[in-house]
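Containing PDB, C-alpha atoms: protein_20.pdb.
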ATOM      1  CA  MET S   1     -20.966  -5.608  10.641
ATOM      2  CA  THR S   2     -18.575  -5.193   7.751
ATOM      3  CA  ILE S   3     -15.876  -2.579   7.269
ATOM      4  CA  SER S   4     -17.389  -0.969   4.196
ATOM      5  CA  ALA S   5     -20.902  -0.755   5.706
ATOM      6  CA  ASN S   6     -19.908   1.852   8.272
ATOM      7  CA  LEU S   7     -16.459   3.381   7.934
ATOM      8  CA  ASN S   8     -16.649   5.417  11.132
ATOM      9  CA  ALA S   9     -17.443   2.355  13.201
ATOM     10  CA  ALA S  10     -14.807   0.402  11.316
ATOM     11  CA  ARG S  11     -12.174   3.041  12.042
ATOM     12  CA  LYS S  12     -12.791   2.641  15.773
ATOM     13  CA  ALA S  13     -12.760  -1.154  15.519
ATOM     14  CA  ILE S  14      -9.496  -1.098  13.561
ATOM     15  CA  GLU S  15      -7.763   1.153  16.093
ATOM     16  CA  LEU S  16      -8.973  -0.957  19.032
ATOM     17  CA  PHE S  17      -7.866  -4.112  17.214
ATOM     18  CA  HIS S  18      -4.331  -2.819  16.796
ATOM     19  CA  ALA S  19      -4.271  -1.770  20.440
ATOM     20  CA  GLY S  20      -4.985  -5.375  21.447
ATOM     21  CA  ARG S  21      -8.755  -5.194  21.894
ATOM     22  CA  VAL S  22      -9.726  -7.569  19.150
ATOM     23  CA  GLU S  23     -13.416  -8.236  19.833
ATOM     24  CA  LEU S  24     -15.039  -5.730  17.469
ATOM     25  CA  MET S  25     -12.893  -6.465  14.477
ATOM     26  CA  ARG S  26     -13.013 -10.218  14.949
ATOM     27  CA  ALA S  27     -16.534 -10.240  13.523
ATOM     28  CA  MET S  28     -15.247  -8.562  10.350
ATOM     29  CA  LEU S  29     -12.841 -11.403   9.493
ATOM     30  CA  THR S  30     -13.514 -14.742   7.829
ATOM     31  CA  GLU S  31     -12.577 -17.889   9.794
ATOM     32  CA  ASP S  32      -9.830 -18.715   7.273
ATOM     33  CA  VAL S  33      -8.503 -15.183   6.823
ATOM     34  CA  VAL S  34      -4.917 -14.907   5.494
ATOM     35  CA  TRP S  35      -2.953 -12.166   7.227
ATOM     36  CA  LYS S  36       0.176 -11.415   5.196
ATOM     37  CA  VAL S  37       2.990  -9.947   7.282
ATOM     38  CA  PRO S  38       6.107  -8.862   5.415
ATOM     39  CA  HIS S  39       8.858  -9.541   5.507
ATOM     40  CA  LYS S  40      12.173 -10.690   7.047
ATOM     41  CA  ASN S  41      11.698 -10.046  10.748
ATOM     42  CA  PRO S  42      10.727 -12.689  13.337
ATOM     43  CA  LEU S  43       7.036 -11.860  13.001
ATOM     44  CA  ALA S  44       6.885 -12.106   9.209
ATOM     45  CA  ALA S  45       4.664 -14.870   7.867
ATOM     46  CA  ASP S  46       1.435 -15.589   6.100
ATOM     47  CA  ILE S  47      -0.787 -16.128   9.128
ATOM     48  CA  VAL S  48      -3.784 -18.313   8.351
ATOM     49  CA  GLY S  49      -6.989 -18.471  10.369
ATOM     50  CA  ILE S  50      -8.727 -16.100  12.714
ATOM     51  CA  GLU S  51      -7.345 -17.627  15.931
ATOM     52  CA  ALA S  52      -3.788 -17.401  14.620
ATOM     53  CA  VAL S  53      -4.346 -13.745  13.660
ATOM     54  CA  LEU S  54      -5.661 -12.926  17.131
ATOM     55  CA  GLY S  55      -2.635 -14.728  18.582
ATOM     56  CA  PHE S  56      -0.385 -12.632  16.359
ATOM     57  CA  PHE S  57      -1.814  -9.434  17.840
ATOM     58  CA  ARG S  58      -1.372 -10.741  21.369
ATOM     59  CA  ARG S  59       2.268 -11.346  20.461
ATOM     60  CA  VAL S  60       2.635  -7.826  19.029
ATOM     61  CA  GLN S  61       1.336  -6.400  22.291
ATOM     62  CA  SER S  62       3.520  -8.597  24.491
ATOM     63  CA  GLU S  63       6.634  -7.850  22.396
ATOM     64  CA  THR S  64       6.026  -4.111  22.821
ATOM     65  CA  ASP S  65       4.868  -4.089  26.460
ATOM     66  CA  GLY S  66       1.448  -3.001  25.286
ATOM     67  CA  THR S  67       2.746   0.104  23.493
ATOM     68  CA  PHE S  68       1.837  -0.879  19.920
ATOM     69  CA  ARG S  69      -0.947   1.274  18.552
ATOM     70  CA  ALA S  70      -2.274   2.502  15.227
ATOM     71  CA  ASP S  71      -4.044   5.708  14.257
ATOM     72  CA  VAL S  72      -6.176   5.527  11.143
ATOM     73  CA  LEU S  73      -5.261   8.443   8.832
ATOM     74  CA  ASP S  74      -7.413   7.511   5.882
ATOM     75  CA  LEU S  75      -9.963   4.785   5.265
ATOM     76  CA  VAL S  76     -11.649   4.187   1.926
ATOM     77  CA  ALA S  77     -13.597   1.160   0.768
ATOM     78  CA  ASP S  78     -15.599  -0.247  -2.065
ATOM     79  CA  GLN S  79     -17.405  -3.601  -2.113
ATOM     80  CA  GLU S  80     -14.222  -5.606  -2.754
ATOM     81  CA  THR S  81     -11.388  -3.746  -1.098
ATOM     82  CA  VAL S  82     -10.567  -1.589   1.898
ATOM     83  CA  PHE S  83      -7.655   0.833   1.811
ATOM     84  CA  CYS S  84      -6.424   1.985   5.224
ATOM     85  CA  LEU S  85      -3.523   4.383   5.725
ATOM     86  CA  MET S  86      -2.318   4.245   9.322
ATOM     87  CA  ARG S  87       0.415   5.626  11.537
ATOM     88  CA  VAL S  88       1.791   2.846  13.732
ATOM     89  CA  ARG S  89       3.800   3.483  16.855
ATOM     90  CA  ALA S  90       5.434   1.229  19.420
ATOM     91  CA  GLU S  91       8.429   0.872  21.678
ATOM     92  CA  ARG S  92      10.504  -2.232  22.196
ATOM     93  CA  CYS S  93      13.855  -2.881  23.889
ATOM     94  CA  GLY S  94      14.758   0.803  23.778
ATOM     95  CA  LYS S  95      13.799   1.047  20.090
ATOM     96  CA  ARG S  96      11.015   3.129  18.657
ATOM     97  CA  LEU S  97       8.712   2.368  15.713
ATOM     98  CA  ASP S  98       6.903   5.307  14.133
ATOM     99  CA  GLN S  99       5.938   5.127  10.490
ATOM    100  CA  ARG S 100       3.042   5.079   8.084
ATOM    101  CA  VAL S 101       1.718   1.811   6.718
ATOM    102  CA  ILE S 102      -1.012   0.843   4.282
ATOM    103  CA  ASN S 103      -3.346  -2.041   4.983
ATOM    104  CA  VAL S 104      -5.275  -3.475   2.064
ATOM    105  CA  TRP S 105      -8.092  -5.770   3.123
ATOM    106  CA  ARG S 106      -9.787  -7.930   0.494
ATOM    107  CA  LEU S 107     -13.479  -8.539   1.102
ATOM    108  CA  ARG S 108     -15.441 -11.717   0.406
ATOM    109  CA  SER S 109     -18.294 -10.806  -1.897
ATOM    110  CA  ALA S 110     -20.876 -12.975  -0.112
ATOM    111  CA  ASP S 111     -20.730 -11.173   3.238
ATOM    112  CA  GLY S 112     -18.140  -8.400   3.036
ATOM    113  CA  LYS S 113     -15.809 -10.080   5.525
ATOM    114  CA  VAL S 114     -12.041  -9.772   5.191
ATOM    115  CA  TYR S 115     -10.428 -12.866   3.649
ATOM    116  CA  GLN S 116      -6.947 -11.426   3.080
ATOM    117  CA  ARG S 117      -4.843  -8.607   4.381
ATOM    118  CA  GLU S 118      -1.701  -7.155   2.808
ATOM    119  CA  LEU S 119       0.613  -4.701   4.531
ATOM    120  CA  TYR S 120       2.808  -2.072   2.900
ATOM    121  CA  MET S 121       5.318  -0.125   4.936
ATOM    122  CA  GLU S 122       6.833   3.249   4.300
ATOM    123  CA  ASP S 123      10.179   2.069   5.668
ATOM    124  CA  GLN S 124      10.474  -1.700   5.715
ATOM    125  CA  PRO S 125      14.135  -1.886   6.861
ATOM    126  CA  ALA S 126      13.259   0.251   9.918
ATOM    127  CA  SER S 127      10.441  -2.131  10.740
ATOM    128  CA  ASP S 128      12.695  -5.166  10.370
ATOM    129  CA  GLU S 129      15.245  -3.540  12.675
ATOM    130  CA  PHE S 130      12.544  -2.757  15.230
ATOM    131  CA  TRP S 131      11.277  -6.331  15.438
ATOM    132  CA  ALA S 132      14.698  -8.030  15.199
ATOM    133  CA  TYR S 133      15.890 -10.020  18.219
TER
ATOM    134  CA  MET D   1     -17.177   2.197  -6.159
ATOM    135  CA  PRO D   2     -18.751   5.494  -7.145
ATOM    136  CA  ALA D   3     -19.085   5.881 -10.868
ATOM    137  CA  ASN D   4     -16.389   7.182 -13.117
ATOM    138  CA  ASP D   5     -17.578  10.751 -12.850
ATOM    139  CA  ASN D   6     -14.885  11.188 -10.196
ATOM    140  CA  LEU D   7     -12.202  13.212 -12.013
ATOM    141  CA  VAL D   8      -9.375  11.751  -9.943
ATOM    142  CA  VAL D   9     -10.481   8.202 -10.780
ATOM    143  CA  LYS D  10     -10.561   9.156 -14.454
ATOM    144  CA  LEU D  11      -7.120  10.725 -14.223
ATOM    145  CA  MET D  12      -5.803   7.503 -12.679
ATOM    146  CA  GLN D  13      -7.402   5.291 -15.327
ATOM    147  CA  VAL D  14      -6.098   7.402 -18.180
ATOM    148  CA  GLY D  15      -2.677   7.851 -16.597
ATOM    149  CA  HIS D  16      -2.124   4.157 -15.935
ATOM    150  CA  SER D  17      -3.292   3.282 -19.405
ATOM    151  CA  ARG D  18      -0.832   5.768 -20.901
ATOM    152  CA  PHE D  19       1.955   4.427 -18.700
ATOM    153  CA  GLY D  20       1.105   0.908 -19.875
ATOM    154  CA  ASN D  21       1.321   2.090 -23.488
ATOM    155  CA  ALA D  22       4.562   4.002 -22.852
ATOM    156  CA  ASP D  23       2.781   7.147 -24.027
ATOM    157  CA  LEU D  24       4.873   9.503 -21.932
ATOM    158  CA  SER D  25       4.123  12.632 -23.917
ATOM    159  CA  ARG D  26       0.381  12.380 -23.220
ATOM    160  CA  LEU D  27       1.047  11.218 -19.660
ATOM    161  CA  ARG D  28       2.678  14.613 -19.099
ATOM    162  CA  ALA D  29      -0.705  16.327 -19.352
ATOM    163  CA  GLY D  30      -1.876  14.831 -16.040
ATOM    164  CA  ILE D  31       1.220  15.612 -13.980
ATOM    165  CA  ASP D  32       2.096  18.906 -12.295
ATOM    166  CA  ASP D  33       5.392  20.555 -13.315
ATOM    167  CA  ASN D  34       6.578  20.443  -9.703
ATOM    168  CA  VAL D  35       5.445  16.900  -8.907
ATOM    169  CA  ILE D  36       7.148  15.075  -6.036
ATOM    170  CA  TRP D  37       7.734  11.432  -6.875
ATOM    171  CA  HIS D  38       8.744   9.022  -4.063
ATOM    172  CA  THR D  39      10.076   5.542  -4.741
ATOM    173  CA  PRO D  40      11.044   3.476  -1.683
ATOM    174  CA  GLY D  41      13.995   1.158  -1.385
ATOM    175  CA  ASP D  42      17.693   1.142  -2.122
ATOM    176  CA  HIS D  43      18.243   0.742  -5.843
ATOM    177  CA  PRO D  44      18.943   2.916  -8.921
ATOM    178  CA  LEU D  45      15.307   3.996  -9.296
ATOM    179  CA  SER D  46      14.628   4.671  -5.595
ATOM    180  CA  GLY D  47      14.526   8.064  -3.942
ATOM    181  CA  THR D  48      12.567  11.285  -4.218
ATOM    182  CA  ILE D  49      12.364  13.091  -7.539
ATOM    183  CA  VAL D  50      11.097  16.667  -7.835
ATOM    184  CA  GLY D  51       9.783  17.892 -11.162
ATOM    185  CA  ILE D  52       7.932  16.440 -14.094
ATOM    186  CA  ASP D  53      10.986  15.860 -16.302
ATOM    187  CA  GLY D  54      12.598  13.715 -13.626
ATOM    188  CA  ALA D  55       9.380  11.771 -13.035
ATOM    189  CA  LEU D  56       8.957  11.038 -16.733
ATOM    190  CA  GLU D  57      12.622  10.044 -16.987
ATOM    191  CA  TRP D  58      12.020   7.629 -14.075
ATOM    192  CA  MET D  59       9.181   6.055 -16.082
ATOM    193  CA  ARG D  60      11.288   5.885 -19.237
ATOM    194  CA  GLN D  61      14.110   4.168 -17.355
ATOM    195  CA  SER D  62      11.763   1.695 -15.649
ATOM    196  CA  ALA D  63      10.663   0.611 -19.113
ATOM    197  CA  GLU D  64      14.130   0.654 -20.641
ATOM    198  CA  VAL D  65      15.797  -1.611 -18.080
ATOM    199  CA  THR D  66      12.942  -4.132 -18.294
ATOM    200  CA  ASP D  67      12.722  -4.225 -22.097
ATOM    201  CA  GLY D  68       9.336  -2.567 -21.816
ATOM    202  CA  THR D  69       7.869  -5.281 -19.571
ATOM    203  CA  PHE D  70       7.421  -3.260 -16.357
ATOM    204  CA  ARG D  71       3.792  -2.422 -15.686
ATOM    205  CA  ALA D  72       1.229  -1.986 -12.929
ATOM    206  CA  ASP D  73      -1.930  -4.015 -13.440
ATOM    207  CA  VAL D  74      -4.603  -1.976 -11.710
ATOM    208  CA  HIS D  75      -7.164  -3.838  -9.585
ATOM    209  CA  GLN D  76      -8.912  -0.994  -7.802
ATOM    210  CA  ILE D  77      -8.852   2.766  -7.650
ATOM    211  CA  LEU D  78     -10.141   4.284  -4.410
ATOM    212  CA  ALA D  79     -10.305   8.066  -4.542
ATOM    213  CA  ASP D  80     -11.863  11.270  -3.346
ATOM    214  CA  ASN D  81     -11.290  14.597  -5.104
ATOM    215  CA  GLU D  82      -7.713  14.935  -3.875
ATOM    216  CA  TYR D  83      -6.218  11.541  -3.029
ATOM    217  CA  ALA D  84      -6.186   8.251  -4.883
ATOM    218  CA  ALA D  85      -5.017   4.810  -3.830
ATOM    219  CA  VAL D  86      -4.362   2.553  -6.796
ATOM    220  CA  ILE D  87      -4.156  -1.093  -5.766
ATOM    221  CA  SER D  88      -2.079  -3.001  -8.264
ATOM    222  CA  THR D  89       0.099  -5.925  -9.139
ATOM    223  CA  TYR D  90       3.545  -4.904 -10.384
ATOM    224  CA  ARG D  91       4.942  -7.071 -13.126
ATOM    225  CA  GLY D  92       8.132  -7.079 -15.104
ATOM    226  CA  GLN D  93      11.059  -9.134 -16.377
ATOM    227  CA  ARG D  94      14.677  -8.272 -15.875
ATOM    228  CA  LYS D  95      17.889 -10.293 -16.190
ATOM    229  CA  GLY D  96      16.105 -13.593 -15.703
ATOM    230  CA  MET D  97      14.051 -12.352 -12.770
ATOM    231  CA  THR D  98      10.280 -12.056 -12.704
ATOM    232  CA  LEU D  99       8.646  -9.315 -10.702
ATOM    233  CA  GLU D 100       5.094 -10.127  -9.666
ATOM    234  CA  MET D 101       4.142  -8.352  -6.492
ATOM    235  CA  PRO D 102       1.210  -6.532  -4.925
ATOM    236  CA  GLY D 103       1.699  -2.812  -4.525
ATOM    237  CA  VAL D 104      -0.119   0.441  -3.965
ATOM    238  CA  GLN D 105       0.442   3.779  -5.627
ATOM    239  CA  LEU D 106      -0.764   6.767  -3.610
ATOM    240  CA  PHE D 107      -1.367   9.992  -5.493
ATOM    241  CA  ARG D 108      -2.222  13.462  -4.304
ATOM    242  CA  CYS D 109      -3.845  15.631  -6.912
ATOM    243  CA  ASP D 110      -4.501  19.344  -7.157
ATOM    244  CA  PRO D 111      -8.308  19.607  -7.019
ATOM    245  CA  VAL D 112      -8.218  22.737  -9.213
ATOM    246  CA  THR D 113      -5.980  21.553 -12.057
ATOM    247  CA  ASN D 114      -6.686  17.825 -11.525
ATOM    248  CA  LYS D 115      -3.006  17.030 -11.982
ATOM    249  CA  VAL D 116      -0.814  14.767  -9.852
ATOM    250  CA  VAL D 117       1.287  16.805  -7.428
ATOM    251  CA  GLU D 118       2.715  13.960  -5.355
ATOM    252  CA  ALA D 119       3.123  10.225  -5.855
ATOM    253  CA  ARG D 120       4.381   7.511  -3.553
ATOM    254  CA  ILE D 121       4.899   3.871  -4.370
ATOM    255  CA  TRP D 122       4.416   1.183  -1.703
ATOM    256  CA  VAL D 123       5.795  -2.284  -2.360
ATOM    257  CA  TYR D 124       5.141  -5.496  -0.478
ATOM    258  CA  ASP D 125       8.678  -6.899  -0.478
ATOM    259  CA  ASP D 126      11.405  -4.284  -0.667
ATOM    260  CA  VAL D 127      14.272  -6.795  -0.583
ATOM    261  CA  PHE D 128      13.159  -8.422  -3.812
ATOM    262  CA  VAL D 129      12.425  -5.033  -5.374
ATOM    263  CA  ASN D 130      15.954  -3.859  -4.501
ATOM    264  CA  LYS D 131      17.401  -6.986  -6.098
ATOM    265  CA  PHE D 132      15.236  -6.658  -9.193
ATOM    266  CA  TRP D 133      16.168  -3.065 -10.008
ATOM    267  CA  SER D 134      19.823  -3.290  -8.890
ATOM    268  CA  ALA D 135      20.871  -6.337 -10.902
TER
END
Taking this structure as input, can you express it in the form of C-alpha cells?
Amino acid sequence: MTISANLNAARKAIELFHAGRVELMRAMLTEDVVWKVPHKNPLAADIVGIEAVLGFFRRVQSETDGTFRADVLDLVADQETVFCLMRVRAERCGKRLDQRVINVWRLRSADGKVYQRELYMEDQPASDEFWAY
Amino acid sequence: MPANDNLVVKLMQVGHSRFGNADLSRLRAGIDDNVIWHTPGDHPLSGTIVGIDGALEWMRQSAEVTDGTFRADVHQILADNEYAAVISTYRGQRKGMTLEMPGVQLFRCDPVTNKVVEARIWVYDDVFVNKFWSA
C-alpha cells in the first residue's frame, strides 16, 4: 500500500507509526529512505535506511516514556508528494512538547514509496529545548 | 494533482509568479485586506503581521534586503477549496550568504472571495534563517 492510494488508511498508519507501532507504515517506505530530522538537538540528523528510521522511532518512544504521539490534522497527496500537518505531543523529564509540525514525504515514482521525509516545526527552539539533555 | 480548475491552486500559481516578478500591486488583488501573515523565527522579518499593507511591505523588504534575489521556487501545490500547502525551495543572496532551503507556505483562503486570509511560513532550519535575515 502507498500513502496516496488510500489517505484514510495512511492516516491511521501514520498515527500508529508515531506512537511506536511501525509495522503498517514500514511497507510505505523505501529501503534507503532518508529521514531528515532538524535541527540542533541530540536527535537531529539525516537518518538513512529503513532500519535506522525504525530505530529512531524506538528512541523517540524510549526518550519520552512512550508518551510521544501525533494526531494527523490534514493529509493531502499527489503522485509525487505527501503533505501532512500534525499535532505532536510528548512529555520528557518534566518538559512538555505540544506543537504543530508539517511532514513532507517525497514519493518514488515507480511504486509510490517514500524515499525522503522533511520536517517543519512551528516552534523549532521549543523542540530543541524539549529534546536537549 | 487535480487539474488547474481548482481556484486556490490558480491563486497560488498566479500569486507566486507575481511575487517572483516583484509585481506587488497585482499581488494585492489576491490578498484579503485583513490578512494575517505569520513568519517564524527571531529576525527583523519574523512575527505576525495583520493587514494587507503590512504583508506587502514584508514582501517589499524581503526583496530589498536581498537585492531582489529572494524567491520561493514552487515544487508542488496541494490544495482544496480553502487551504493550500505550497512546497518550495527558498533561495536568496544576502551579505555573502546563500539561502537555499526547503520550506512550506500554508495559506488559508476565503472560499467566497478566493483571497488569502492567513499565511504561515515553515522553514527547515530556523537558525540559518535567523542568521540570514539578521545580518
Run through the ChimeraX specification (/S :<12) & /D on the given coordinates and return the selected residues as JSON, numbers by chain.
{"D": [1, 2, 3, 38, 39, 40, 41, 42, 75, 76, 77, 78, 79, 80, 83, 84, 85, 86, 87, 88, 101, 102, 103, 104, 105, 106, 120, 121, 122, 123, 124, 125, 126, 127, 128, 129, 130]}
Create the file for the chosen residues now, containing C-alpha atoms and written as a short mmCIF file (atom, residue, chain, number, x, y, z; two decimals), in the frame of the given file.
data_model
loop_
_atom_site.label_atom_id
_atom_site.label_comp_id
_atom_site.auth_asym_id
_atom_site.auth_seq_id
_atom_site.Cartn_x
_atom_site.Cartn_y
_atom_site.Cartn_z
CA MET D 1 -17.18 2.20 -6.16
CA PRO D 2 -18.75 5.49 -7.14
CA ALA D 3 -19.08 5.88 -10.87
CA HIS D 38 8.74 9.02 -4.06
CA THR D 39 10.08 5.54 -4.74
CA PRO D 40 11.04 3.48 -1.68
CA GLY D 41 14.00 1.16 -1.38
CA ASP D 42 17.69 1.14 -2.12
CA HIS D 75 -7.16 -3.84 -9.59
CA GLN D 76 -8.91 -0.99 -7.80
CA ILE D 77 -8.85 2.77 -7.65
CA LEU D 78 -10.14 4.28 -4.41
CA ALA D 79 -10.30 8.07 -4.54
CA ASP D 80 -11.86 11.27 -3.35
CA TYR D 83 -6.22 11.54 -3.03
CA ALA D 84 -6.19 8.25 -4.88
CA ALA D 85 -5.02 4.81 -3.83
CA VAL D 86 -4.36 2.55 -6.80
CA ILE D 87 -4.16 -1.09 -5.77
CA SER D 88 -2.08 -3.00 -8.26
CA MET D 101 4.14 -8.35 -6.49
CA PRO D 102 1.21 -6.53 -4.92
CA GLY D 103 1.70 -2.81 -4.53
CA VAL D 104 -0.12 0.44 -3.96
CA GLN D 105 0.44 3.78 -5.63
CA LEU D 106 -0.76 6.77 -3.61
CA ARG D 120 4.38 7.51 -3.55
CA ILE D 121 4.90 3.87 -4.37
CA TRP D 122 4.42 1.18 -1.70
CA VAL D 123 5.80 -2.28 -2.36
CA TYR D 124 5.14 -5.50 -0.48
CA ASP D 125 8.68 -6.90 -0.48
CA ASP D 126 11.40 -4.28 -0.67
CA VAL D 127 14.27 -6.80 -0.58
CA PHE D 128 13.16 -8.42 -3.81
CA VAL D 129 12.42 -5.03 -5.37
CA ASN D 130 15.95 -3.86 -4.50
#
Quick one: everything within 10 Å of Ala52 in chain S, counting only C-alpha atoms, minus sequence neighbours fewer than 5 positions away in the same chain. Send it as a ChimeraX atom specification.
/S:32-35,47,57-58
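Computed from the coordinates, the CA of Met97 in chain D to CA of Val74 in chain D distance equals 21.4 Å.
Distances to Arg18 in chain D were evaluated for D:Ser62, D:Asn34, D:Val50, D:Arg71 using only C-alpha atoms, and the minimum falls at D:Arg71.
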May I have the residues within 12 Å of Arg59 in chain S as a list in words, using all atoms listed in the file and disregarding those fewer than 4 positions away in the same chain?
His18, Ala19, Gly20, Pro42, Leu43, Ala52, Val53, Leu54, Gly55, Glu63, Thr64, Asp65, Gly66, Thr67, Phe68 and Trp131 of chain S
So that I have them on file, write out the residues from the current selection with C-alpha atoms, as a PDB file, in the coordinates of the input.
ATOM      1  CA  HIS S  18      -4.331  -2.819  16.796  1.00  0.00           C
ATOM      2  CA  ALA S  19      -4.271  -1.770  20.440  1.00  0.00           C
ATOM      3  CA  GLY S  20      -4.985  -5.375  21.447  1.00  0.00           C
ATOM      4  CA  PRO S  42      10.727 -12.689  13.337  1.00  0.00           C
ATOM      5  CA  LEU S  43       7.036 -11.860  13.001  1.00  0.00           C
ATOM      6  CA  ALA S  52      -3.788 -17.401  14.620  1.00  0.00           C
ATOM      7  CA  VAL S  53      -4.346 -13.745  13.660  1.00  0.00           C
ATOM      8  CA  LEU S  54      -5.661 -12.926  17.131  1.00  0.00           C
ATOM      9  CA  GLY S  55      -2.635 -14.728  18.582  1.00  0.00           C
ATOM     10  CA  GLU S  63       6.634  -7.850  22.396  1.00  0.00           C
ATOM     11  CA  THR S  64       6.026  -4.111  22.821  1.00  0.00           C
ATOM     12  CA  ASP S  65       4.868  -4.089  26.460  1.00  0.00           C
ATOM     13  CA  GLY S  66       1.448  -3.001  25.286  1.00  0.00           C
ATOM     14  CA  THR S  67       2.746   0.104  23.493  1.00  0.00           C
ATOM     15  CA  PHE S  68       1.837  -0.879  19.920  1.00  0.00           C
ATOM     16  CA  TRP S 131      11.277  -6.331  15.438  1.00  0.00           C
TER      17      TRP S 131
END
